[in-house]
Amino acid sequence: MFLETVGKLCFSKIRPFFFYLFLILPFVGACLYLGMQSVYLQELEGQFIQSCKKGKNALKRKGEKEKFLEKYSHAAPYFLDTHIESLLFLQKEKRALRELLQHPALTDKREIEERLHFLEENKLLFAEETLRTSGQIHESEEKQRTPVQMSEEDLKKLLCCIENIPIDSFSPQENSPQILLTDFQFEKKESSLKTPFLEVEMKLLKREIKK
Amino acid sequence: MQILGLQLDPPFIRIAQIQRKSSGVKILHWATETTDALEHVKRLYIRAFKGKTVTGLPLSSLFIRSLEIPLTSSKHLSEVISFQSEATSHFNPTETLSVPTFTKKGKNKVDTLLFTSSRILLRSHLQNWRTWDVDPDLVSAVPLALIQYTRWKYPALTSAFLIDLGSSEWSCIWMENGQLQKSHFIGGGTEALLSAFGEDRKRVLLPKEISIFAKQYDLLQIKSHVTPLLSARLEDMRHELAKIFCSFHKLAGTKPILFTGQVNAFTHLREFLLAEIQEWCSEEIASDVEEGKHAVALGLAFEELTQPLQFRREEFFPPKKWKKAGIYAMALSGISLLLGSATFILGSYLIQSQKEKMIQTLAAYLKQEDQTLQQSLFSKGGNEEEILSRWNRAIASYKKEYPFILRAPKVSELLEWLTPFLNQENNPISLVSMRYKLLQFPTLDNPAEPYQAKLEIELHIPNPTSARKLHEALLQDKKWIYLDHAVEWDALNNDIYRSSFYLKNKDGFYVP
């Protein structure tokens, strides 16, 4: 009885065309769904290929950032005081002048004493100008109070220390914060004793990163 | 396939069973039983029968019309016939059922025979057969069955007059080119003659003996005073027959004649009838008497093998066929669902495997490049889309370089770069002063600010040629100098030259 009802329903009450149309609906529905999924998959694959292309650089940038943060997150809190401002310059000239002062033939010592006195005071001193803090980063702009005199070797040592880069025999400090030279100038000059030196003046940007 | 042809010819049922094989048609058996012998009838066809059953409407239940339709397209043929049928007859379409048969005649004509029967008669026909538990697959027509039989028995005979001497009615057919042309019936049949004979001889014969004695009663020597009723009945029927054949002759001319049915109900019955119509018939075709009795049943079975006339339509459509249609519909629906599901599952599997392949590629790549990112992407779980989305977000977050990494050249690097220019053997150049300034750089307040550095140098160059060469070298140095901006070059006093230019940021990645 049920089968007769089904038969009548499919081939008599509705037109066979609609019955056959109904028959292909699941297949057509499945094909449509899969078509849409296929288009979506193609989009996904396109995005994946693009992201893989970009991914190589992005991962390098990520690694770069992580290395950068790792390097500067162990900075000594008073790095400028302990490592930069404590640097002594023109030590060779100082030793030569001290030896000269001991020489019995020297009659006029005043000029040499003045020069030695100057060299004793010839140190870097920075004044903190602007201070910025955001999250883990602490940033300050430092301005050199007075120009300092130094030799070329002294300059190499100083730049090695500030720019955190090995120069000749000088090696950078491990616990350095990030220091950028925002303004740096030097000029070759001669002292009153005809000794050559470099007069250096600079501004710094110091960044400390806390973990 | 086996086919059972069933003819209801009261008081008899005639049955013929045939089998169609690849080699041809084989007649399995035929039989005749009286309608009251119900069990005998059932035994004839129920016994191991698996096939189709065919019955036929007698001529007395049919109205046959021929229509000539000038149409070649079969698409609207049935609609045209249906319209013409209703327009050209006085029958109420709700009370009758018309079924056409087509014969193509030439290129643009279709000859149609329209078989019309009363729905009440058709219902009654099916009801009668239900008495013997028969639900025929096909209900055709007796005249077509006779033609089918003739075409099978005498393939060379294409045009003839056919007379079936049935028990209840005689059917007269004019067959032309193997197709039905005209048909008439004479009511009563041989049973009416036997009844008249029995009435004439009721004093000497028992009812059971009538048909046996009738077979021995020679109609060529019939005496009207001995069997008055039979003589009168015979004369009437012969007269009717003569009228029918006269009308056939007028249209068809003389044709061979074939007798089927109960030709041996009386001795010389054929000869007696033929005497009246002989002038319109060219010859009588000899036939097997027993096979001839079952000509209609055989013809009905043969009808199933051709494109049959089918009266079982509309409300008379066989319930078992509806059941078959239901099974067919269910099977098709099942196949459709199965196919749809299979397509869906297979397609989804392929798409999913494609996604998994992407994820595996990503996992392998990240395992090699960045295991922390791999763990952060995959440890949170989720499907492939979510992992890819997290990957895309991770990529987007590292779209730009970290702003606080210095991209401008360092002072020490610049001094190293300048050293080869200064230490020339013949033309010593000395750096008098230098100023390095970061004009722009990112801060916490403005992290998007790019790096831009400018260098200003004063050089002591005693040789003007060396000065010019140095100037040219600076103008061509794309690696260190940002050449989109001008490289300023001024000659000052005492062989002093001043130059200033913008420095190019470094392309490479940060190396701590």
# chains A, B, ... in the order shown; residues from 1 in each chain; ligands from 1
>>> select_by_dssp(residues="region 236-457 of chain B", states="strand (DSSP E or B)", output="JSON, numbers by chain")
{"B": [255, 256, 257, 258, 259, 260, 261, 267, 281, 282, 283, 284, 285, 430, 431, 432, 433, 434, 435, 436, 437, 438, 439, 440, 452, 453, 454, 455, 456, 457]}
>>> interface_residues(of="chain B", to="chain A", cutoff="6 Å", atoms="only C-alpha atoms", output="VMD selection string")
chain B and resid 322 to 323 325 to 326 333 336 to 337 340 344 395 398 401 to 402 432 to 438 510
>>> write_last_selection(atoms="N, CA and C atoms", output="compact mmCIF listing (two decimals), in the first residue's frame")
# COMPACT_ATOMS: atom_id res chain seq x y z
N TRP B 322 1.63 0.22 -9.96
CA TRP B 322 1.89 1.34 -9.04
C TRP B 322 2.89 0.92 -7.98
N LYS B 323 2.76 -0.33 -7.55
CA LYS B 323 3.69 -0.86 -6.55
C LYS B 323 5.10 -0.90 -7.13
N ALA B 325 6.10 0.91 -9.58
CA ALA B 325 6.53 2.31 -9.73
C ALA B 325 7.03 2.86 -8.40
N GLY B 326 6.33 2.44 -7.31
CA GLY B 326 6.75 2.87 -5.98
C GLY B 326 8.14 2.35 -5.65
N SER B 333 15.16 7.16 -5.63
CA SER B 333 15.42 8.13 -4.56
C SER B 333 16.63 7.68 -3.75
N SER B 336 19.66 8.20 -5.76
CA SER B 336 19.93 9.65 -5.81
C SER B 336 20.57 10.12 -4.50
N LEU B 337 19.98 9.67 -3.38
CA LEU B 337 20.54 10.07 -2.07
C LEU B 337 21.95 9.51 -1.88
N GLY B 340 24.26 11.44 -4.14
CA GLY B 340 24.47 12.77 -3.55
C GLY B 340 25.38 12.68 -2.33
N PHE B 344 29.04 14.09 -1.91
CA PHE B 344 29.30 15.02 -0.81
C PHE B 344 30.46 14.52 0.06
N ILE B 395 51.42 36.58 10.70
CA ILE B 395 52.17 37.19 9.59
C ILE B 395 51.90 38.70 9.56
N TYR B 398 53.75 40.87 11.93
CA TYR B 398 55.17 41.13 11.60
C TYR B 398 55.31 41.66 10.18
N GLU B 401 58.76 46.10 9.88
CA GLU B 401 59.95 45.87 10.70
C GLU B 401 59.75 46.49 12.09
N TYR B 402 60.45 45.92 13.07
CA TYR B 402 60.38 46.48 14.42
C TYR B 402 61.00 47.88 14.38
N VAL B 432 88.72 66.50 8.17
CA VAL B 432 88.91 67.62 9.09
C VAL B 432 87.81 67.63 10.16
N SER B 433 86.57 67.46 9.69
CA SER B 433 85.45 67.42 10.64
C SER B 433 84.33 66.55 10.06
N MET B 434 83.46 66.16 10.94
CA MET B 434 82.35 65.31 10.50
C MET B 434 81.14 65.54 11.41
N ARG B 435 79.98 65.58 10.78
CA ARG B 435 78.77 65.69 11.59
C ARG B 435 77.74 64.67 11.06
N TYR B 436 77.32 63.87 11.99
CA TYR B 436 76.32 62.83 11.67
C TYR B 436 75.06 63.18 12.44
N LYS B 437 73.95 63.30 11.70
CA LYS B 437 72.73 63.71 12.40
C LYS B 437 71.56 62.82 11.95
N LEU B 438 70.86 62.31 12.93
CA LEU B 438 69.61 61.59 12.61
C LEU B 438 68.49 62.62 12.51
N TYR B 510 68.63 42.73 10.72
CA TYR B 510 69.42 43.06 11.91
C TYR B 510 70.23 41.85 12.39
>>> closest_atom_pairs(of="region 85-198 of chain B", to="region 248-258 of chain B", cutoff="7 Å", atoms="only C-alpha atoms", output="JSON lines")
{"residue": "B:Ser159", "atom": "CA", "partner": "B:Lys255", "partner_atom": "CA", "distance": 6.8}
{"residue": "B:Ala160", "atom": "CA", "partner": "B:Pro256", "partner_atom": "CA", "distance": 5.0}
{"residue": "B:Phe161", "atom": "CA", "partner": "B:Ile257", "partner_atom": "CA", "distance": 4.7}
{"residue": "B:Leu162", "atom": "CA", "partner": "B:Leu258", "partner_atom": "CA", "distance": 4.9}
{"residue": "B:Ile163", "atom": "CA", "partner": "B:Leu258", "partner_atom": "CA", "distance": 6.2}
{"residue": "B:Trp174", "atom": "CA", "partner": "B:Phe248", "partner_atom": "CA", "distance": 6.9}
>>> residues_around(residues="Pro77 (chain A)", least_positions_apart="6", cutoff="10 Å", atoms="only C-alpha atoms", output="list of chain:residue names")
A:Asn175, A:Ser176, A:Pro177, A:Glu208
>>> write_last_selection(atoms="C-alpha atoms", output="compact mmCIF listing (two decimals), in the first residue's frame")
# COMPACT_ATOMS: atom_id res chain seq x y z
CA ASN A 175 75.02 44.72 29.21
CA SER A 176 74.62 47.79 27.09
CA PRO A 177 71.23 49.45 26.47
CA GLU A 208 66.32 50.40 28.02
>>> residues_around(residues="region 142-151 of chain B", least_positions_apart="6", cutoff="8 Å", atoms="only C-alpha atoms", output="list in words")
Gly56, Leu57, Pro58, Leu59, Leu157, Thr158, Leu162, Asp164, Ser171, Ile173, Met175, Gly178, Gln179, Leu180, Ser183, Ala295, Val296, Ala297, Leu298, Gly299, Leu300, Ala301, Phe302 and Glu303 of chain B
>>> residues_around(residues="Glu85 (chain A)", least_positions_apart="6", cutoff="9 Å", atoms="only C-alpha atoms", output="count of residues only")
5
>>> atom_distance(atom1="CA of Leu6 (chain B)", atom2="CA of Ile64 (chain B)")
21.5 Å
>>> select_by_dssp(residues="region 8-211 of chain A", states="alpha helix (DSSP H)", output="PyMOL selection string")
chain A and resi 8+16-72+79+91-102+110-121+152-163
>>> write_last_selection(atoms="C-alpha atoms", output="short mmCIF file (atom, residue, chain, number, x, y, z; two decimals), in the first residue's frame")
data_model
loop_
_atom_site.label_atom_id
_atom_site.label_comp_id
_atom_site.auth_asym_id
_atom_site.auth_seq_id
_atom_site.Cartn_x
_atom_site.Cartn_y
_atom_site.Cartn_z
CA LYS A 8 1.14 7.24 -7.54
CA PRO A 16 7.44 12.70 -13.66
CA PHE A 17 9.61 15.63 -14.80
CA PHE A 18 9.41 17.13 -11.33
CA PHE A 19 10.08 13.75 -9.76
CA TYR A 20 13.24 13.34 -11.85
CA LEU A 21 14.13 16.93 -11.03
CA PHE A 22 13.70 16.07 -7.36
CA LEU A 23 15.96 13.03 -7.86
CA ILE A 24 18.88 15.07 -9.08
CA LEU A 25 18.48 17.61 -6.26
CA PRO A 26 20.76 15.80 -3.75
CA PHE A 27 23.47 15.40 -6.36
CA VAL A 28 23.10 18.98 -7.60
CA GLY A 29 22.99 20.21 -3.98
CA ALA A 30 26.14 18.27 -3.14
CA CYS A 31 27.87 19.56 -6.29
CA LEU A 32 26.87 23.16 -5.49
CA TYR A 33 28.08 22.86 -1.91
CA LEU A 34 31.34 21.25 -3.03
CA GLY A 35 31.73 23.89 -5.74
CA MET A 36 31.43 26.62 -3.12
CA GLN A 37 33.80 24.74 -0.83
CA SER A 38 36.22 24.32 -3.72
CA VAL A 39 36.13 28.05 -4.45
CA TYR A 40 36.65 28.73 -0.74
CA LEU A 41 39.53 26.22 -0.71
CA GLN A 42 41.13 27.94 -3.70
CA GLU A 43 40.86 31.26 -1.88
CA LEU A 44 42.33 29.63 1.22
CA GLU A 45 45.16 28.15 -0.85
CA GLY A 46 45.78 31.53 -2.47
CA GLN A 47 45.92 33.14 0.97
CA PHE A 48 48.17 30.34 2.21
CA ILE A 49 50.60 30.74 -0.70
CA GLN A 50 50.65 34.51 -0.16
CA SER A 51 51.11 34.11 3.58
CA CYS A 52 53.95 31.61 2.99
CA LYS A 53 55.65 34.09 0.67
CA LYS A 54 55.25 36.85 3.24
CA GLY A 55 55.88 34.40 6.07
CA LYS A 56 59.58 34.02 5.28
CA ASN A 57 60.23 37.74 5.79
CA ALA A 58 57.74 37.97 8.65
CA LEU A 59 59.52 35.18 10.50
CA LYS A 60 62.84 36.92 9.90
CA ARG A 61 61.37 40.15 11.25
CA LYS A 62 59.99 38.24 14.22
CA GLY A 63 63.35 36.64 14.88
CA GLU A 64 65.05 40.01 14.43
CA LYS A 65 62.74 41.62 16.96
CA GLU A 66 63.16 38.77 19.43
CA LYS A 67 66.94 38.91 19.13
CA PHE A 68 66.88 42.68 19.51
CA LEU A 69 64.71 42.52 22.62
CA GLU A 70 66.77 39.67 24.03
CA LYS A 71 69.99 41.62 23.51
CA TYR A 72 68.86 44.86 25.09
CA PHE A 79 75.46 52.09 31.81
CA GLN A 91 96.01 59.07 28.32
CA LYS A 92 99.15 58.90 26.20
CA GLU A 93 99.41 62.69 26.08
CA LYS A 94 98.79 62.85 29.83
CA ARG A 95 101.64 60.43 30.51
CA ALA A 96 103.95 62.35 28.16
CA LEU A 97 103.08 65.67 29.82
CA ARG A 98 103.66 64.24 33.31
CA GLU A 99 107.05 62.94 32.27
CA LEU A 100 107.83 66.32 30.71
CA LEU A 101 106.91 68.05 33.95
CA GLN A 102 109.57 65.98 35.75
CA ARG A 110 102.49 76.67 33.64
CA GLU A 111 101.20 75.87 30.17
CA ILE A 112 101.79 72.13 30.62
CA GLU A 113 100.14 72.18 34.02
CA GLU A 114 97.09 73.95 32.58
CA ARG A 115 96.90 71.36 29.82
CA LEU A 116 97.21 68.49 32.30
CA HIS A 117 94.57 70.04 34.46
CA PHE A 118 92.26 70.30 31.48
CA LEU A 119 92.90 66.70 30.54
CA GLU A 120 92.09 65.57 34.05
CA GLU A 121 88.68 67.20 33.68
CA GLU A 152 91.41 58.53 17.26
CA GLU A 153 91.90 55.40 19.38
CA ASP A 154 89.74 56.94 22.09
CA LEU A 155 87.08 57.61 19.49
CA LYS A 156 87.15 53.98 18.35
CA LYS A 157 86.75 52.82 21.93
CA LEU A 158 83.93 55.27 22.55
CA LEU A 159 82.04 54.30 19.37
CA CYS A 160 82.55 50.62 20.17
CA CYS A 161 80.96 51.22 23.54
CA ILE A 162 78.09 53.41 22.36
CA GLU A 163 77.23 51.70 19.08
#
>>> atom_distance(atom1="CA of Ala467 (chain B)", atom2="CA of Gln149 (chain A)")
28.4 Å
>>> residues_around(residues="Leu305 (chain B)", least_positions_apart="6", cutoff="12 Å", atoms="only C-alpha atoms", output="list of chain:residue names")
B:Met1, B:Gln2, B:Ile3, B:Leu4, B:Gly5, B:Ile18, B:Gln19, B:Arg20, B:Lys21, B:Gly24, B:Val25, B:Lys52, B:Thr53, B:Val54, B:Leu138, B:Ala145, B:Gln148, B:Tyr149, B:Trp152, B:Leu298, B:Gly299
>>> write_last_selection(atoms="N, CA and C atoms", output="PDB file, in the first residue's frame")
ATOM      1  N   MET B   1      10.852 -14.495 -20.963  1.00  0.00           N
ATOM      2  CA  MET B   1       9.644 -13.974 -20.322  1.00  0.00           C
ATOM      3  C   MET B   1       8.410 -14.770 -20.798  1.00  0.00           C
ATOM      4  N   GLN B   2       7.553 -15.106 -19.875  1.00  0.00           N
ATOM      5  CA  GLN B   2       6.332 -15.843 -20.232  1.00  0.00           C
ATOM      6  C   GLN B   2       5.143 -14.890 -20.250  1.00  0.00           C
ATOM      7  N   ILE B   3       4.244 -15.163 -21.197  1.00  0.00           N
ATOM      8  CA  ILE B   3       3.050 -14.313 -21.314  1.00  0.00           C
ATOM      9  C   ILE B   3       1.823 -15.225 -21.378  1.00  0.00           C
ATOM     10  N   LEU B   4       0.820 -14.797 -20.638  1.00  0.00           N
ATOM     11  CA  LEU B   4      -0.424 -15.569 -20.581  1.00  0.00           C
ATOM     12  C   LEU B   4      -1.523 -14.745 -21.247  1.00  0.00           C
ATOM     13  N   GLY B   5      -2.064 -15.269 -22.359  1.00  0.00           N
ATOM     14  CA  GLY B   5      -3.189 -14.613 -23.020  1.00  0.00           C
ATOM     15  C   GLY B   5      -4.489 -15.214 -22.514  1.00  0.00           C
ATOM     16  N   ILE B  18       2.643 -18.434 -23.706  1.00  0.00           N
ATOM     17  CA  ILE B  18       3.780 -18.442 -24.644  1.00  0.00           C
ATOM     18  C   ILE B  18       5.032 -17.999 -23.894  1.00  0.00           C
ATOM     19  N   GLN B  19       6.155 -18.250 -24.517  1.00  0.00           N
ATOM     20  CA  GLN B  19       7.430 -17.828 -23.927  1.00  0.00           C
ATOM     21  C   GLN B  19       8.273 -17.160 -25.005  1.00  0.00           C
ATOM     22  N   ARG B  20       8.775 -15.994 -24.639  1.00  0.00           N
ATOM     23  CA  ARG B  20       9.654 -15.303 -25.606  1.00  0.00           C
ATOM     24  C   ARG B  20      11.097 -15.618 -25.258  1.00  0.00           C
ATOM     25  N   LYS B  21      11.823 -16.074 -26.253  1.00  0.00           N
ATOM     26  CA  LYS B  21      13.246 -16.357 -26.076  1.00  0.00           C
ATOM     27  C   LYS B  21      14.002 -15.568 -27.133  1.00  0.00           C
ATOM     28  N   GLY B  24      13.164 -16.882 -30.483  1.00  0.00           N
ATOM     29  CA  GLY B  24      11.823 -16.634 -31.003  1.00  0.00           C
ATOM     30  C   GLY B  24      10.773 -16.918 -29.952  1.00  0.00           C
ATOM     31  N   VAL B  25       9.548 -17.064 -30.441  1.00  0.00           N
ATOM     32  CA  VAL B  25       8.435 -17.285 -29.518  1.00  0.00           C
ATOM     33  C   VAL B  25       8.067 -18.765 -29.509  1.00  0.00           C
ATOM     34  N   LYS B  52       3.670 -12.001 -17.604  1.00  0.00           N
ATOM     35  CA  LYS B  52       2.611 -11.008 -17.744  1.00  0.00           C
ATOM     36  C   LYS B  52       1.337 -11.672 -18.212  1.00  0.00           C
ATOM     37  N   THR B  53       0.211 -11.090 -17.772  1.00  0.00           N
ATOM     38  CA  THR B  53      -1.081 -11.598 -18.222  1.00  0.00           C
ATOM     39  C   THR B  53      -1.753 -10.536 -19.084  1.00  0.00           C
ATOM     40  N   VAL B  54      -2.385 -11.020 -20.151  1.00  0.00           N
ATOM     41  CA  VAL B  54      -3.029 -10.096 -21.093  1.00  0.00           C
ATOM     42  C   VAL B  54      -4.468 -10.532 -21.302  1.00  0.00           C
ATOM     43  N   LEU B 138      -2.061  -6.179 -19.025  1.00  0.00           N
ATOM     44  CA  LEU B 138      -2.443  -5.480 -20.250  1.00  0.00           C
ATOM     45  C   LEU B 138      -3.874  -5.850 -20.595  1.00  0.00           C
ATOM     46  N   ALA B 145      -5.980  -8.770 -31.346  1.00  0.00           N
ATOM     47  CA  ALA B 145      -5.435 -10.090 -31.015  1.00  0.00           C
ATOM     48  C   ALA B 145      -5.566 -11.030 -32.213  1.00  0.00           C
ATOM     49  N   GLN B 148      -2.927 -10.142 -34.652  1.00  0.00           N
ATOM     50  CA  GLN B 148      -1.622 -10.610 -34.173  1.00  0.00           C
ATOM     51  C   GLN B 148      -1.473 -12.108 -34.451  1.00  0.00           C
ATOM     52  N   TYR B 149      -2.550 -12.845 -34.189  1.00  0.00           N
ATOM     53  CA  TYR B 149      -2.500 -14.292 -34.414  1.00  0.00           C
ATOM     54  C   TYR B 149      -2.264 -14.594 -35.888  1.00  0.00           C
ATOM     55  N   TRP B 152       1.204 -13.893 -36.991  1.00  0.00           N
ATOM     56  CA  TRP B 152       2.162 -14.902 -36.502  1.00  0.00           C
ATOM     57  C   TRP B 152       2.011 -16.222 -37.250  1.00  0.00           C
ATOM     58  N   LEU B 298      -4.134 -16.630 -28.005  1.00  0.00           N
ATOM     59  CA  LEU B 298      -2.754 -16.554 -28.507  1.00  0.00           C
ATOM     60  C   LEU B 298      -2.419 -15.142 -28.984  1.00  0.00           C
ATOM     61  N   GLY B 299      -3.385 -14.589 -29.736  1.00  0.00           N
ATOM     62  CA  GLY B 299      -3.184 -13.213 -30.263  1.00  0.00           C
ATOM     63  C   GLY B 299      -2.974 -12.212 -29.138  1.00  0.00           C
TER      64      GLY B 299
END
>>> residues_around(residues="Glu314 (chain B)", least_positions_apart="2", cutoff="9 Å", atoms="only C-alpha atoms", output="list in words")
Ser12 of chain A; Leu97, Phe311, Arg312, Phe316 and Phe317 of chain B
>>> write_last_selection(atoms="C-alpha atoms", output="mmCIF file, in the first residue's frame")
data_model
loop_
_atom_site.group_PDB
_atom_site.id
_atom_site.type_symbol
_atom_site.label_atom_id
_atom_site.label_comp_id
_atom_site.auth_asym_id
_atom_site.auth_seq_id
_atom_site.Cartn_x
_atom_site.Cartn_y
_atom_site.Cartn_z
ATOM 1 C CA SER A 12 0.735 10.456 -11.203
ATOM 2 C CA LEU B 97 -11.836 5.826 -22.281
ATOM 3 C CA PHE B 311 -6.717 0.147 -21.714
ATOM 4 C CA ARG B 312 -5.216 -0.021 -18.216
ATOM 5 C CA PHE B 316 -7.514 1.424 -14.375
ATOM 6 C CA PHE B 317 -3.733 1.511 -14.100
#
>>> decode(residues="region 85-102 of chain A", atoms="N, CA and C atoms", output="PDB file, in the first residue's frame")
ATOM      1  N   GLU A  85      80.685  57.571  30.790  1.00  0.00           N
ATOM      2  CA  GLU A  85      81.201  58.772  31.455  1.00  0.00           C
ATOM      3  C   GLU A  85      82.505  58.494  32.218  1.00  0.00           C
ATOM      4  N   SER A  86      82.771  57.244  32.455  1.00  0.00           N
ATOM      5  CA  SER A  86      84.011  56.911  33.187  1.00  0.00           C
ATOM      6  C   SER A  86      85.230  56.769  32.272  1.00  0.00           C
ATOM      7  N   LEU A  87      84.980  56.881  30.946  1.00  0.00           N
ATOM      8  CA  LEU A  87      86.092  56.705  30.003  1.00  0.00           C
ATOM      9  C   LEU A  87      87.104  57.840  30.149  1.00  0.00           C
ATOM     10  N   LEU A  88      88.385  57.489  30.063  1.00  0.00           N
ATOM     11  CA  LEU A  88      89.463  58.491  30.157  1.00  0.00           C
ATOM     12  C   LEU A  88      90.085  58.626  28.776  1.00  0.00           C
ATOM     13  N   PHE A  89      90.276  59.873  28.348  1.00  0.00           N
ATOM     14  CA  PHE A  89      90.782  60.116  26.995  1.00  0.00           C
ATOM     15  C   PHE A  89      92.180  60.730  27.044  1.00  0.00           C
ATOM     16  N   LEU A  90      92.887  60.667  25.920  1.00  0.00           N
ATOM     17  CA  LEU A  90      94.221  61.250  25.731  1.00  0.00           C
ATOM     18  C   LEU A  90      95.174  60.845  26.866  1.00  0.00           C
ATOM     19  N   GLN A  91      95.162  59.588  27.237  1.00  0.00           N
ATOM     20  CA  GLN A  91      96.011  59.069  28.322  1.00  0.00           C
ATOM     21  C   GLN A  91      97.488  59.108  27.926  1.00  0.00           C
ATOM     22  N   LYS A  92      97.761  58.884  26.685  1.00  0.00           N
ATOM     23  CA  LYS A  92      99.148  58.896  26.198  1.00  0.00           C
ATOM     24  C   LYS A  92      99.752  60.285  26.381  1.00  0.00           C
ATOM     25  N   GLU A  93      98.943  61.294  25.971  1.00  0.00           N
ATOM     26  CA  GLU A  93      99.415  62.690  26.077  1.00  0.00           C
ATOM     27  C   GLU A  93      99.626  63.051  27.553  1.00  0.00           C
ATOM     28  N   LYS A  94      98.691  62.563  28.391  1.00  0.00           N
ATOM     29  CA  LYS A  94      98.795  62.852  29.825  1.00  0.00           C
ATOM     30  C   LYS A  94     100.111  62.295  30.387  1.00  0.00           C
ATOM     31  N   ARG A  95     100.390  61.039  30.009  1.00  0.00           N
ATOM     32  CA  ARG A  95     101.637  60.433  30.509  1.00  0.00           C
ATOM     33  C   ARG A  95     102.854  61.211  30.023  1.00  0.00           C
ATOM     34  N   ALA A  96     102.820  61.609  28.748  1.00  0.00           N
ATOM     35  CA  ALA A  96     103.949  62.353  28.159  1.00  0.00           C
ATOM     36  C   ALA A  96     104.132  63.698  28.874  1.00  0.00           C
ATOM     37  N   LEU A  97     103.011  64.365  29.160  1.00  0.00           N
ATOM     38  CA  LEU A  97     103.084  65.673  29.816  1.00  0.00           C
ATOM     39  C   LEU A  97     103.600  65.524  31.256  1.00  0.00           C
ATOM     40  N   ARG A  98     103.177  64.457  31.936  1.00  0.00           N
ATOM     41  CA  ARG A  98     103.659  64.236  33.310  1.00  0.00           C
ATOM     42  C   ARG A  98     105.179  63.983  33.330  1.00  0.00           C
ATOM     43  N   GLU A  99     105.602  63.202  32.368  1.00  0.00           N
ATOM     44  CA  GLU A  99     107.053  62.944  32.269  1.00  0.00           C
ATOM     45  C   GLU A  99     107.810  64.229  31.968  1.00  0.00           C
ATOM     46  N   LEU A 100     107.190  65.043  31.089  1.00  0.00           N
ATOM     47  CA  LEU A 100     107.833  66.316  30.713  1.00  0.00           C
ATOM     48  C   LEU A 100     107.939  67.244  31.924  1.00  0.00           C
ATOM     49  N   LEU A 101     106.900  67.203  32.752  1.00  0.00           N
ATOM     50  CA  LEU A 101     106.907  68.054  33.955  1.00  0.00           C
ATOM     51  C   LEU A 101     108.076  67.697  34.896  1.00  0.00           C
ATOM     52  N   GLN A 102     108.474  66.461  34.907  1.00  0.00           N
ATOM     53  CA  GLN A 102     109.571  65.983  35.752  1.00  0.00           C
ATOM     54  C   GLN A 102     110.930  66.410  35.197  1.00  0.00           C
TER      55      GLN A 102
END
